[in-house]
file input37.cif (mmCIF, C-alpha atoms)
data_structure
#
loop_
_atom_site.label_atom_id
_atom_site.label_comp_id
_atom_site.auth_asym_id
_atom_site.auth_seq_id
_atom_site.Cartn_x
_atom_site.Cartn_y
_atom_site.Cartn_z
CA MET A 5 27.90 -110.44 -17.68
CA ALA A 6 30.28 -112.39 -15.52
CA GLU A 7 33.26 -110.77 -17.24
CA ARG A 8 32.80 -107.63 -15.15
CA GLY A 9 33.50 -109.47 -11.92
CA PRO A 10 37.17 -110.30 -12.32
CA ALA A 11 37.90 -106.87 -13.81
CA ARG A 12 36.40 -105.14 -10.80
CA ALA A 13 38.13 -107.58 -8.50
CA ARG A 14 41.50 -106.84 -10.04
CA ALA A 15 40.86 -103.11 -9.80
CA ALA A 16 39.94 -103.30 -6.12
CA LEU A 17 42.88 -105.55 -5.27
CA PHE A 18 45.14 -103.10 -7.03
CA VAL A 19 43.75 -100.18 -5.02
CA ALA A 20 44.13 -102.16 -1.80
CA SER A 21 47.74 -103.11 -2.47
CA LEU A 22 48.50 -99.54 -3.54
CA ALA A 23 47.08 -98.25 -0.26
CA VAL A 24 49.25 -100.67 1.71
CA ALA A 25 52.32 -99.76 -0.32
CA ILE A 26 51.81 -96.01 0.07
CA LEU A 27 51.31 -96.27 3.82
CA ALA A 28 54.03 -98.79 4.48
CA ALA A 29 56.80 -97.91 2.05
CA PRO A 30 58.11 -94.64 3.48
CA GLY A 31 58.10 -96.12 6.97
CA LEU A 32 55.30 -93.76 7.98
CA VAL A 33 53.89 -96.54 10.04
CA ARG A 34 55.03 -99.91 11.18
CA ALA A 35 53.99 -102.61 8.80
CA GLY A 36 54.95 -106.21 8.53
CA SER A 37 56.72 -106.39 11.85
CA GLY A 38 53.67 -107.84 13.53
CA GLY A 39 52.41 -106.94 16.93
CA LYS A 40 49.28 -108.88 17.69
CA LEU A 41 49.34 -112.15 19.56
CA LEU A 42 49.31 -115.23 17.38
CA ALA A 43 45.85 -115.95 15.88
CA THR A 44 44.17 -112.96 17.55
CA ASP A 45 43.59 -111.23 14.21
CA GLY A 46 41.26 -114.01 13.09
CA ALA A 47 40.75 -115.50 9.65
CA THR A 48 38.62 -113.98 6.87
CA GLN A 49 34.93 -114.80 6.52
CA LEU A 50 33.28 -115.47 3.19
CA GLU A 51 32.26 -111.85 2.57
CA GLY A 52 35.81 -110.63 3.12
CA SER A 53 35.60 -109.21 6.64
CA GLY A 54 37.98 -110.32 9.34
CA GLY A 55 36.25 -113.12 11.19
CA GLY A 56 35.67 -116.79 11.32
CA GLY A 57 34.29 -118.57 8.29
CA LEU A 58 30.61 -117.72 7.96
CA VAL A 59 30.45 -114.66 10.22
CA PRO A 60 32.54 -111.55 10.89
CA TRP A 61 34.34 -111.11 14.19
CA ALA A 62 34.95 -107.80 15.96
CA MET A 63 38.74 -107.81 15.59
CA ILE A 64 40.46 -105.73 12.92
CA THR A 65 42.25 -107.85 10.31
CA GLY A 66 46.05 -107.96 9.97
CA ASN A 67 48.80 -108.36 12.52
CA GLU A 68 49.25 -104.73 13.47
CA THR A 69 48.32 -102.95 16.66
CA GLU A 70 47.49 -99.29 17.25
CA ASP A 71 50.91 -98.38 15.83
CA GLY A 72 50.70 -99.93 12.41
CA VAL A 73 48.93 -100.93 9.23
CA GLY A 74 48.33 -104.61 8.66
CA ALA A 75 46.71 -106.44 5.80
CA SER A 76 45.39 -109.81 4.77
CA ALA A 77 44.32 -111.67 1.65
CA PHE A 78 42.21 -114.79 1.44
CA ALA A 79 40.71 -117.44 -0.78
CA THR A 80 37.76 -119.59 0.26
CA GLY A 81 35.81 -122.40 -1.35
CA ILE A 82 32.52 -123.89 -0.18
CA PHE A 83 31.50 -127.14 -1.79
CA VAL A 84 27.98 -128.44 -1.10
CA ASP A 85 25.74 -130.92 -2.91
CA ASP A 86 24.31 -128.69 -5.64
CA TYR A 87 26.32 -125.49 -5.40
CA GLN A 88 29.80 -124.15 -5.13
CA LEU A 89 30.79 -120.77 -3.73
CA SER A 90 34.24 -119.36 -4.15
CA SER A 91 35.36 -116.11 -2.65
CA PHE A 92 38.63 -114.23 -2.64
CA GLY A 93 39.79 -110.79 -1.65
CA ALA A 94 41.96 -108.60 0.52
CA ALA A 95 41.68 -106.25 3.45
CA VAL A 96 43.73 -103.67 5.29
CA GLY A 97 43.64 -103.01 9.01
CA LEU A 98 44.51 -99.43 9.91
CA PHE A 99 45.95 -98.89 13.39
CA ASP A 100 43.81 -101.71 14.78
CA ARG A 101 40.91 -99.30 14.38
CA ILE A 102 39.50 -99.46 10.86
CA GLU A 103 39.26 -102.39 8.50
CA LEU A 104 38.61 -101.93 4.77
CA SER A 105 37.91 -105.05 2.78
CA PHE A 106 36.99 -106.29 -0.64
CA ALA A 107 35.77 -109.70 -1.70
CA HIS A 108 34.69 -111.13 -5.01
CA GLN A 109 32.31 -114.07 -4.81
CA ARG A 110 31.28 -116.57 -7.43
CA PHE A 111 28.25 -118.75 -6.77
CA GLU A 112 27.90 -121.68 -9.13
CA ILE A 113 24.64 -123.53 -9.63
CA GLN A 114 25.68 -126.86 -11.05
CA SER A 115 22.26 -128.09 -12.22
CA LEU A 116 21.59 -124.92 -14.24
CA ASP A 117 25.18 -124.49 -15.31
CA GLN A 118 24.81 -120.89 -14.20
CA ARG A 119 26.85 -118.60 -12.03
CA ILE A 120 26.19 -115.48 -10.02
CA ASP A 121 29.03 -113.11 -9.15
CA GLN A 122 28.97 -110.60 -6.34
CA ASN A 123 31.35 -107.94 -5.02
CA VAL A 124 31.42 -107.04 -1.35
CA TYR A 125 33.02 -103.84 -0.07
CA GLY A 126 33.41 -103.88 3.68
CA VAL A 127 34.27 -101.39 6.39
CA LYS A 128 34.58 -102.18 10.06
CA LEU A 129 35.26 -99.75 12.90
CA ARG A 130 36.52 -100.98 16.23
CA ALA A 131 34.64 -98.89 18.77
CA PHE A 132 36.40 -99.98 21.96
CA GLY A 133 37.67 -102.91 23.93
CA ASP A 134 40.23 -105.64 23.38
CA LEU A 135 40.05 -109.30 22.48
CA VAL A 136 42.24 -110.43 25.37
CA TYR A 137 43.16 -107.59 27.74
CA GLY A 138 41.34 -105.07 29.89
CA LYS A 139 37.81 -105.28 31.17
CA LEU A 140 35.86 -104.83 27.94
CA PRO A 141 35.48 -107.18 24.98
CA VAL A 142 36.26 -105.80 21.56
CA VAL A 143 33.16 -104.16 20.10
CA SER A 144 32.93 -103.14 16.45
CA ALA A 145 30.39 -101.83 13.99
CA GLY A 146 30.63 -102.76 10.34
CA MET A 147 29.02 -102.50 6.96
CA GLN A 148 29.14 -104.74 3.92
CA VAL A 149 28.10 -103.07 0.69
CA LYS A 150 27.20 -105.77 -1.78
CA HIS A 151 26.70 -105.60 -5.51
CA ASN A 152 25.17 -108.58 -7.28
CA LEU A 153 26.58 -108.67 -10.81
CA ASP A 154 24.24 -111.28 -12.32
CA PHE A 155 20.78 -110.19 -11.29
CA GLU A 156 18.60 -112.01 -13.86
CA LEU A 157 18.01 -115.13 -11.76
CA PRO A 158 17.49 -113.29 -8.44
CA GLU A 159 15.10 -110.92 -10.17
CA ALA A 160 13.17 -113.81 -11.67
CA LEU A 161 12.85 -115.26 -8.15
CA GLY A 162 11.33 -111.98 -6.90
CA ALA A 163 14.29 -109.98 -5.55
CA ARG A 164 13.93 -106.19 -5.79
CA ASP A 165 17.49 -104.84 -5.87
CA ASP A 166 20.84 -105.93 -7.25
CA TRP A 167 22.69 -104.18 -4.42
CA GLY A 168 22.28 -103.78 -0.71
CA ILE A 169 24.00 -102.85 2.52
CA ASP A 170 24.32 -105.08 5.57
CA ALA A 171 25.11 -103.37 8.85
CA TYR A 172 26.31 -105.26 11.89
CA LEU A 173 27.45 -104.91 15.47
CA SER A 174 30.02 -107.40 16.63
CA VAL A 175 31.37 -108.37 20.06
CA SER A 176 34.33 -110.74 20.52
CA ARG A 177 36.37 -111.90 23.47
CA VAL A 178 38.92 -114.56 24.33
CA PHE A 179 38.56 -116.15 27.75
CA LEU A 180 41.91 -117.49 28.91
CA ASP A 181 42.02 -120.83 30.71
CA ALA A 182 38.27 -121.20 30.20
CA VAL A 183 37.50 -124.83 29.33
CA ALA A 184 39.78 -127.72 30.34
CA GLY A 185 42.62 -125.22 30.63
CA ARG A 186 42.05 -124.03 27.06
CA ASN A 187 41.42 -120.53 25.75
CA LEU A 188 37.95 -119.92 24.38
CA LEU A 189 36.97 -117.33 21.79
CA VAL A 190 33.35 -116.22 21.81
CA ASN A 191 31.71 -113.94 19.27
CA ALA A 192 28.21 -112.58 18.76
CA ASN A 193 26.85 -110.34 16.01
CA LEU A 194 23.60 -108.58 15.30
CA ARG A 195 23.16 -107.92 11.61
CA MET A 196 20.54 -105.87 9.81
CA THR A 197 20.08 -107.10 6.26
CA ARG A 198 17.77 -107.23 3.25
CA ALA A 199 19.95 -109.80 1.52
CA ASN A 200 18.66 -113.13 0.24
CA GLU A 201 21.29 -115.86 0.65
CA THR A 202 23.82 -113.15 1.64
CA GLY A 203 22.96 -111.18 -1.51
CA LEU A 204 23.71 -113.95 -3.99
CA LEU A 205 19.94 -114.04 -4.61
CA GLY A 206 19.59 -110.26 -4.51
CA PHE A 207 18.14 -107.91 -1.94
CA GLY A 208 14.60 -107.37 -0.70
CA GLY A 209 11.77 -109.24 -2.33
CA ASP A 210 8.13 -109.94 -2.88
CA LYS A 211 7.68 -111.59 0.53
CA ASP A 212 9.63 -109.16 2.70
CA ASP A 213 11.28 -106.01 1.40
CA ASP A 214 12.38 -104.58 4.75
CA TYR A 215 15.56 -104.83 6.78
CA ARG A 216 15.53 -107.88 9.01
CA PRO A 217 17.61 -108.43 12.18
CA VAL A 218 19.59 -111.66 12.31
CA PHE A 219 21.88 -113.15 14.95
CA GLU A 220 25.29 -114.67 14.33
CA GLY A 221 27.54 -116.46 16.78
CA SER A 222 30.85 -118.31 16.98
CA ALA A 223 32.84 -120.20 19.57
CA ALA A 224 36.36 -121.52 19.13
CA LEU A 225 38.44 -123.48 21.59
CA PHE A 226 42.22 -123.35 21.21
CA LEU A 227 43.46 -126.88 21.89
CA THR A 228 46.96 -125.48 21.52
CA ARG A 229 47.99 -121.99 20.54
CA ARG A 230 48.02 -123.05 16.89
CA ILE A 231 44.97 -125.30 16.60
CA ALA A 232 41.38 -124.33 17.33
CA LEU A 233 38.11 -126.23 17.09
CA GLY A 234 34.96 -124.23 16.66
CA TYR A 235 31.33 -123.85 15.79
CA GLU A 236 29.52 -121.07 13.95
CA TYR A 237 25.90 -120.19 13.51
CA ARG A 238 24.43 -117.65 11.12
CA GLN A 239 20.72 -116.92 11.22
CA LYS A 240 19.22 -116.17 7.82
CA THR A 241 15.92 -114.94 6.50
CA SER A 242 14.59 -114.68 2.98
CA GLY A 243 12.60 -111.93 1.33
CA LEU A 244 11.64 -114.26 -1.51
CA ASP A 245 8.42 -116.23 -1.81
CA ALA A 246 9.95 -118.55 -4.36
CA ALA A 247 13.10 -119.41 -2.39
CA GLY A 248 13.12 -119.93 1.34
CA GLU A 249 16.45 -120.19 3.13
CA ASP A 250 17.81 -121.81 6.28
CA ASP A 251 20.21 -120.76 9.00
CA TRP A 252 23.81 -121.75 8.31
CA GLN A 253 26.09 -123.70 10.63
CA ASP A 254 29.55 -125.13 10.59
CA VAL A 255 32.08 -126.92 12.75
CA PHE A 256 35.64 -126.00 11.95
CA VAL A 257 39.27 -126.75 12.61
CA ALA A 258 41.64 -123.82 12.28
CA PHE A 259 45.38 -124.18 12.00
CA VAL A 260 47.67 -121.19 12.55
CA PRO A 261 51.21 -122.25 11.65
CA SER A 262 52.57 -118.69 11.90
CA HIS A 263 51.61 -115.04 12.20
CA HIS A 264 51.18 -114.99 8.44
CA VAL A 265 49.08 -118.04 7.60
CA LYS A 266 45.71 -119.39 8.66
CA ILE A 267 44.05 -122.48 7.31
CA VAL A 268 40.43 -123.24 8.11
CA ALA A 269 38.58 -126.43 7.20
CA SER A 270 34.99 -127.03 8.13
CA TYR A 271 31.91 -129.09 7.66
CA VAL A 272 29.09 -126.71 6.71
CA ARG A 273 25.33 -127.19 6.78
CA LEU A 274 23.62 -124.60 4.65
CA GLY A 275 20.14 -126.17 4.57
CA ASN A 276 17.82 -125.22 1.76
CA ILE A 277 19.22 -122.98 -0.98
CA ALA A 278 16.97 -121.87 -3.83
CA GLY A 279 14.77 -124.94 -3.58
CA SER A 280 17.52 -127.55 -3.09
CA ASP A 281 17.36 -129.12 0.35
CA ARG A 282 20.10 -130.15 2.77
CA GLN A 283 23.11 -128.50 1.28
CA ASP A 284 25.97 -129.98 3.32
CA GLY A 285 29.59 -130.03 2.49
CA ALA A 286 33.08 -128.73 2.95
CA TYR A 287 34.50 -125.27 3.55
CA LEU A 288 38.16 -124.55 2.98
CA SER A 289 39.87 -121.24 3.49
CA LEU A 290 43.39 -119.95 3.34
CA GLN A 291 44.43 -116.54 4.65
CA GLY A 292 47.77 -114.79 4.46
CA SER A 293 48.40 -111.73 6.61
CA PHE A 294 51.00 -109.36 7.98
CA MET B 17 26.62 -137.26 4.39
CA ARG B 18 23.08 -138.65 3.99
CA GLY B 19 20.75 -139.71 6.82
CA THR B 20 17.97 -138.07 8.75
CA PRO B 21 18.72 -134.50 9.82
CA LEU B 22 18.38 -135.50 13.48
CA ALA B 23 20.82 -138.39 13.15
CA ARG B 24 23.30 -136.15 11.39
CA SER B 25 23.11 -133.38 13.97
CA LEU B 26 23.46 -135.93 16.73
CA SER B 27 26.53 -137.51 15.20
CA LEU B 28 27.99 -134.04 14.77
CA VAL B 29 27.41 -133.18 18.43
CA VAL B 30 28.84 -136.51 19.56
CA ALA B 31 31.94 -136.09 17.42
CA LEU B 32 32.50 -132.57 18.74
CA ALA B 33 31.98 -133.65 22.35
CA ALA B 34 34.44 -136.51 21.88
CA LEU B 35 37.06 -134.16 20.49
CA LEU B 36 36.60 -131.73 23.37
CA ALA B 37 36.80 -134.51 25.92
CA LEU B 38 39.96 -135.76 24.27
CA ALA B 39 41.43 -132.27 24.36
CA GLY B 40 40.63 -132.01 28.04
CA CYS B 41 42.06 -135.35 29.10
CA VAL B 42 45.05 -135.88 26.86
CA GLN B 43 47.21 -133.54 28.88
CA LEU B 44 45.38 -134.05 32.16
CA GLY B 45 43.64 -130.71 31.80
CA TRP B 46 42.01 -131.21 35.17
CA ASP B 47 45.13 -130.49 37.15
CA ASP B 48 43.85 -129.17 40.47
CA ARG B 49 47.27 -128.63 42.01
CA SER B 50 48.15 -124.99 42.62
CA LEU B 51 49.81 -123.21 39.73
CA TYR B 52 52.96 -122.91 41.85
CA VAL B 53 53.21 -126.69 42.11
CA GLN B 54 52.34 -127.16 38.43
CA LEU B 55 55.21 -124.85 37.50
CA GLY B 56 57.64 -127.00 39.49
CA GLU B 57 57.79 -124.81 42.61
CA LYS B 58 60.79 -122.55 43.12
CA PRO B 59 63.28 -124.54 40.99
CA GLY B 60 60.77 -124.77 38.15
CA ILE B 61 60.02 -121.06 38.30
CA ASP B 62 63.73 -120.17 38.38
CA GLN B 63 64.25 -122.34 35.31
CA LEU B 64 61.30 -120.70 33.57
CA VAL B 65 62.59 -117.22 34.37
CA ASP B 66 66.04 -118.06 33.00
CA ARG B 67 64.57 -119.39 29.81
CA PHE B 68 62.19 -116.43 29.52
CA ILE B 69 65.03 -113.92 29.89
CA ARG B 70 67.00 -115.81 27.25
CA GLU B 71 64.01 -115.53 24.88
CA LEU B 72 63.69 -111.80 25.64
CA ALA B 73 67.36 -111.20 24.97
CA ARG B 74 67.04 -112.92 21.60
CA ASP B 75 63.88 -111.05 20.59
CA GLU B 76 64.84 -108.22 18.28
CA ARG B 77 61.41 -106.66 18.65
CA ILE B 78 61.92 -105.76 22.29
CA ARG B 79 65.49 -106.48 23.39
CA GLY B 80 66.17 -102.72 23.21
CA HIS B 81 63.93 -102.23 26.24
CA PHE B 82 66.31 -104.31 28.32
CA GLN B 83 69.56 -102.58 27.35
CA GLY B 84 71.53 -101.47 30.37
CA ILE B 85 69.32 -102.91 33.03
CA ASP B 86 70.50 -105.12 35.86
CA ILE B 87 69.65 -108.59 34.54
CA ARG B 88 70.46 -110.32 37.79
CA ARG B 89 67.99 -108.13 39.62
CA LEU B 90 65.35 -108.60 36.90
CA ARG B 91 65.74 -112.37 37.17
CA GLU B 92 65.42 -112.27 40.94
CA GLN B 93 62.40 -109.95 41.02
CA LEU B 94 60.64 -111.83 38.24
CA ALA B 95 61.09 -115.13 40.05
CA PHE B 96 59.74 -113.65 43.29
CA TYR B 97 56.84 -112.12 41.43
CA LEU B 98 55.84 -115.32 39.61
CA CYS B 99 56.33 -117.36 42.79
CA GLU B 100 54.00 -115.14 44.80
CA ARG B 101 51.39 -114.73 42.05
CA SER B 102 51.21 -118.46 41.40
CA GLY B 103 50.49 -119.12 45.06
CA GLY B 104 53.99 -119.97 46.28
CA PRO B 105 55.54 -119.06 49.65
CA CYS B 106 57.42 -116.01 48.38
CA ARG B 107 57.06 -112.31 48.65
CA TYR B 108 57.50 -109.91 45.76
CA GLU B 109 58.76 -106.72 47.37
CA GLY B 110 59.52 -104.72 44.27
CA ALA B 111 57.54 -101.69 43.16
CA PRO B 112 54.07 -102.17 41.61
CA LEU B 113 54.23 -103.04 37.91
CA ARG B 114 52.64 -99.75 36.87
CA GLU B 115 55.47 -97.86 38.57
CA VAL B 116 58.19 -100.12 37.23
CA HIS B 117 57.04 -99.60 33.65
CA ARG B 118 56.11 -95.94 33.83
CA HIS B 119 57.86 -93.86 31.13
CA LEU B 120 59.24 -96.97 29.43
CA GLY B 121 56.80 -96.49 26.58
CA VAL B 122 55.81 -100.13 26.38
CA SER B 123 53.48 -100.54 23.40
CA GLU B 124 50.78 -103.15 22.86
CA ALA B 125 53.06 -104.83 20.35
CA ASP B 126 55.95 -104.87 22.86
CA PHE B 127 53.75 -106.47 25.47
CA ASN B 128 52.49 -109.10 23.03
CA ALA B 129 56.05 -109.87 21.99
CA LEU B 130 56.90 -110.41 25.65
CA VAL B 131 53.89 -112.70 26.11
CA GLU B 132 54.98 -114.74 23.09
CA ASP B 133 58.48 -115.03 24.53
CA LEU B 134 56.98 -116.29 27.79
CA ILE B 135 54.91 -118.85 25.86
CA ASP B 136 58.00 -119.90 23.89
CA ALA B 137 59.89 -120.34 27.15
CA MET B 138 57.11 -122.51 28.57
CA GLU B 139 56.87 -124.51 25.34
CA GLY B 140 60.63 -125.03 25.50
CA LEU B 141 60.28 -126.46 29.00
CA ASP B 142 57.32 -128.65 28.00
CA VAL B 143 54.93 -126.89 30.35
CA PRO B 144 51.46 -128.34 29.56
CA THR B 145 49.05 -126.04 27.69
CA PRO B 146 46.54 -125.78 30.60
CA THR B 147 49.31 -124.70 32.97
CA GLN B 148 50.52 -122.15 30.42
CA ASN B 149 47.03 -120.77 30.06
CA GLU B 150 46.49 -120.60 33.82
CA LEU B 151 49.61 -118.47 34.15
CA LEU B 152 48.62 -116.28 31.19
CA ALA B 153 45.14 -115.77 32.64
CA LEU B 154 46.74 -114.74 35.93
CA LEU B 155 49.07 -112.21 34.28
CA ALA B 156 46.76 -110.83 31.55
CA PRO B 157 45.08 -108.24 33.81
CA GLU B 158 48.53 -106.61 34.30
CA GLN B 159 48.61 -105.59 30.63
CA VAL B 160 46.72 -102.37 31.34
CA GLU B 161 49.27 -101.53 34.07
CA ILE B 162 52.26 -102.02 31.81
CA VAL B 163 51.26 -100.73 28.39
CA GLU B 164 51.47 -97.00 27.80
CA PRO B 165 48.01 -95.44 27.45
CA ARG B 166 46.95 -94.83 23.86
CA ARG B 167 48.66 -91.80 22.48
CA ALA B 168 46.20 -90.16 20.13
CA TRP B 169 42.47 -89.79 20.50
CA TRP B 170 41.77 -91.18 17.06
CA ARG B 171 43.64 -94.39 17.67
#

call {"tool": "encode", "arguments": {"input": "input37.cif", "output": "structure tokens"}}
result
Amino acid sequence: MAERGPARARAALFVASLAVAILAAPGLVRAGSGGKLLATDGATQLEGSGGGGLVPWAMITGNETEDGVGASAFATGIFVDDYQLSSFGAAVGLFDRIELSFAHQRFEIQSLDQRIDQNVYGVKLRAFGDLVYGKLPVVSAGMQVKHNLDFELPEALGARDDWGIDAYLSVSRVFLDAVAGRNLLVNANLRMTRANETGLLGFGGDKDDDYRPVFEGSAALFLTRRIALGYEYRQKTSGLDAAGEDDWQDVFVAFVPSHHVKIVASYVRLGNIAGSDRQDGAYLSLQGSF
Amino acid sequence: MRGTPLARSLSLVVALAALLALAGCVQLGWDDRSLYVQLGEKPGIDQLVDRFIRELARDERIRGHFQGIDIRRLREQLAFYLCERSGGPCRYEGAPLREVHRHLGVSEADFNALVEDLIDAMEGLDVPTPTQNELLALLAPEQVEIVEPRRAWWR
């Protein structure tokens, strides 16, 4: 069952890199020369969209502006008491307007010696606005199409579907010289979802089979232009009678040594997951981008 | 990581608050002097402008935009502009920025490159981060005056 995951992941990564190569190679567009301000493209969140750690942000991934095609790749690990979640993938940012992303996730349940794999295909459209300049914040709409590849356990818990679509609206803005002379990034999302534990426990369920609105928010303060401290909150709801779930939170430190590298380390609190309480632990993420 | 949930959230909040307070105080973030004074008045601004122009001249991304222009005049106007905008006793008498940059085709990327050169210049002169950010916040609204409007509807 789990063998399908890596094969699909490789296929999608191949398609993504091919797309970048085709667009960039003949010099049709600028690529790799950069263009965005340092750190303003964000990191990659655990489902593969450009963002913070737990939640997407409204910016389009990659370093390119309206004149170019940028891209990013990431690897993330979350290590809590009874579970481990690893996620990796890649994304392209087209003309600072459209972001296409892919992530492969592996959720490991240590006590059962079981794992659940999931693929997430993302698209994000920047509607208007800018993170730093002009009057309006950057506002985007996005979708994450998720396919759970190991549905036996979620189904046994009461989930209805092995795939689902999350849709979200995202607003992000940097306020310069906002707190103690530091720049502050603020983000808020509204997500519509049927996912249980972001889809790792399937979609819909015996308790609630409908779409549910959830709120997500982030704040990050840039102590210097390369180091930010932040907090994230992700509201969550469960459609399963057998497995309630809690809102997720984290405090993070992000380090941006260059236009091409971002390192995020955080302390996450994931609450109850599938009957195991107080899942706290570490989140580590590395992103490369151009 | 064990303890009551309340105790753990409290310790988290305290740790975060301590870090923020540290960030605010380490570099005397609460500098209430005018930006002009923080930048070192006229001599400081002249020094910053010199350094900034040196960074621009070195920057392969945008140096082309400055080919064949009168650098001495640029230096002078820039210094007057920064002096006046930061609250100093100067008068910028050049044309409005929108006019100066019209038809130059300055892209978003060009503008960001320029901002990074300005930050590099300030870093090079050890200008404290809060002072840097105060200047950037002051100049950021000019971006829409300087950057060429988007060229295609679908972008």

call {"tool": "closest_residue", "arguments": {"input": "input37.cif", "among": "B:Gln63, B:Leu28, B:Gly104, B:Leu120", "to": "chain A", "atoms": "all atoms listed in the file"}}
result
B:Leu28

call {"tool": "resolve_selection", "arguments": {"input": "input37.cif", "expression": "the PyMOL selection byres ((chain A) within 10 of (chain B))", "output": "compact mmCIF listing (two decimals) with C-alpha atoms, in the frame of the given file"}}
result
# COMPACT_ATOMS: atom_id res chain seq x y z
CA SER A 37 56.72 -106.39 11.85
CA GLY A 38 53.67 -107.84 13.53
CA GLY A 39 52.41 -106.94 16.93
CA LYS A 40 49.28 -108.88 17.69
CA LEU A 41 49.34 -112.15 19.56
CA LEU A 42 49.31 -115.23 17.38
CA ASN A 67 48.80 -108.36 12.52
CA GLU A 68 49.25 -104.73 13.47
CA THR A 69 48.32 -102.95 16.66
CA GLU A 70 47.49 -99.29 17.25
CA ASP A 71 50.91 -98.38 15.83
CA GLY A 72 50.70 -99.93 12.41
CA ASP A 85 25.74 -130.92 -2.91
CA LEU A 98 44.51 -99.43 9.91
CA PHE A 99 45.95 -98.89 13.39
CA ASP A 100 43.81 -101.71 14.78
CA ARG A 101 40.91 -99.30 14.38
CA ILE A 102 39.50 -99.46 10.86
CA ARG A 130 36.52 -100.98 16.23
CA VAL A 136 42.24 -110.43 25.37
CA TYR A 137 43.16 -107.59 27.74
CA GLY A 138 41.34 -105.07 29.89
CA LYS A 139 37.81 -105.28 31.17
CA PHE A 179 38.56 -116.15 27.75
CA LEU A 180 41.91 -117.49 28.91
CA ASP A 181 42.02 -120.83 30.71
CA ALA A 182 38.27 -121.20 30.20
CA VAL A 183 37.50 -124.83 29.33
CA ALA A 184 39.78 -127.72 30.34
CA GLY A 185 42.62 -125.22 30.63
CA ARG A 186 42.05 -124.03 27.06
CA ASN A 187 41.42 -120.53 25.75
CA LEU A 225 38.44 -123.48 21.59
CA PHE A 226 42.22 -123.35 21.21
CA LEU A 227 43.46 -126.88 21.89
CA THR A 228 46.96 -125.48 21.52
CA ARG A 229 47.99 -121.99 20.54
CA LEU A 233 38.11 -126.23 17.09
CA GLY A 234 34.96 -124.23 16.66
CA TYR A 235 31.33 -123.85 15.79
CA ASP A 254 29.55 -125.13 10.59
CA VAL A 255 32.08 -126.92 12.75
CA PHE A 256 35.64 -126.00 11.95
CA TYR A 271 31.91 -129.09 7.66
CA ARG A 273 25.33 -127.19 6.78
CA GLY A 275 20.14 -126.17 4.57
CA ARG A 282 20.10 -130.15 2.77
CA GLN A 283 23.11 -128.50 1.28
CA ASP A 284 25.97 -129.98 3.32
CA GLY A 285 29.59 -130.03 2.49

call {"tool": "atom_distance", "arguments": {"input": "input37.cif", "atom1": "atom CA of A:Leu129", "atom2": "atom CA of A:Arg216"}}
result
21.7 Å

call {"tool": "atom_distance", "arguments": {"input": "input37.cif", "atom1": "atom CA of A:Ala199", "atom2": "atom CA of A:Lys266"}}
result
28.4 Å

call {"tool": "axis_aligned_box", "arguments": {"input": "input37.cif", "around": "stretch 156-163 of chain B", "padding_each_side": "3 Å", "output": "JSON"}}
result
{"center_x": 48.7, "center_y": -105.8, "center_z": 31.3, "size_x": 13.2, "size_y": 16.1, "size_z": 11.9}

call {"tool": "closest_residue", "arguments": {"input": "input37.cif", "among": "A:Ser262, A:Asn276, A:Thr241, A:Ser53", "to": "A:Gly292", "atoms": "only C-alpha atoms"}}
result
A:Ser262

call {"tool": "residues_around", "arguments": {"input": "input37.cif", "residues": "stretch 75-78 of chain A", "least_positions_apart": "3", "cutoff": "9 Å", "atoms": "only C-alpha atoms", "output": "PyMOL selection string"}}
result
chain A and resi 21+24+35-36+47-49+52+54+65-68+91-98+103+107+264+289-294

call {"tool": "write_last_selection", "arguments": {"input": "input37.cif", "atoms": "C-alpha atoms", "output": "short mmCIF file (atom, residue, chain, number, x, y, z; two decimals), in the frame of the given file"}}
result
data_model
loop_
_atom_site.label_atom_id
_atom_site.label_comp_id
_atom_site.auth_asym_id
_atom_site.auth_seq_id
_atom_site.Cartn_x
_atom_site.Cartn_y
_atom_site.Cartn_z
CA SER A 21 47.74 -103.11 -2.47
CA VAL A 24 49.25 -100.67 1.71
CA ALA A 35 53.99 -102.61 8.80
CA GLY A 36 54.95 -106.21 8.53
CA ALA A 47 40.75 -115.50 9.65
CA THR A 48 38.62 -113.98 6.87
CA GLN A 49 34.93 -114.80 6.52
CA GLY A 52 35.81 -110.63 3.12
CA GLY A 54 37.98 -110.32 9.34
CA THR A 65 42.25 -107.85 10.31
CA GLY A 66 46.05 -107.96 9.97
CA ASN A 67 48.80 -108.36 12.52
CA GLU A 68 49.25 -104.73 13.47
CA SER A 91 35.36 -116.11 -2.65
CA PHE A 92 38.63 -114.23 -2.64
CA GLY A 93 39.79 -110.79 -1.65
CA ALA A 94 41.96 -108.60 0.52
CA ALA A 95 41.68 -106.25 3.45
CA VAL A 96 43.73 -103.67 5.29
CA GLY A 97 43.64 -103.01 9.01
CA LEU A 98 44.51 -99.43 9.91
CA GLU A 103 39.26 -102.39 8.50
CA ALA A 107 35.77 -109.70 -1.70
CA HIS A 264 51.18 -114.99 8.44
CA SER A 289 39.87 -121.24 3.49
CA LEU A 290 43.39 -119.95 3.34
CA GLN A 291 44.43 -116.54 4.65
CA GLY A 292 47.77 -114.79 4.46
CA SER A 293 48.40 -111.73 6.61
CA PHE A 294 51.00 -109.36 7.98
#

call {"tool": "atom_distance", "arguments": {"input": "input37.cif", "atom1": "atom CA of A:Arg195", "atom2": "atom CA of A:Ile82"}}
result
21.9 Å

call {"tool": "resolve_selection", "arguments": {"input": "input37.cif", "expression": "the PyMOL selection byres ((chain A and resi 157) around 10)", "output": "PyMOL selection string"}}
result
chain A and resi 118-120+154-156+158-163+204-206
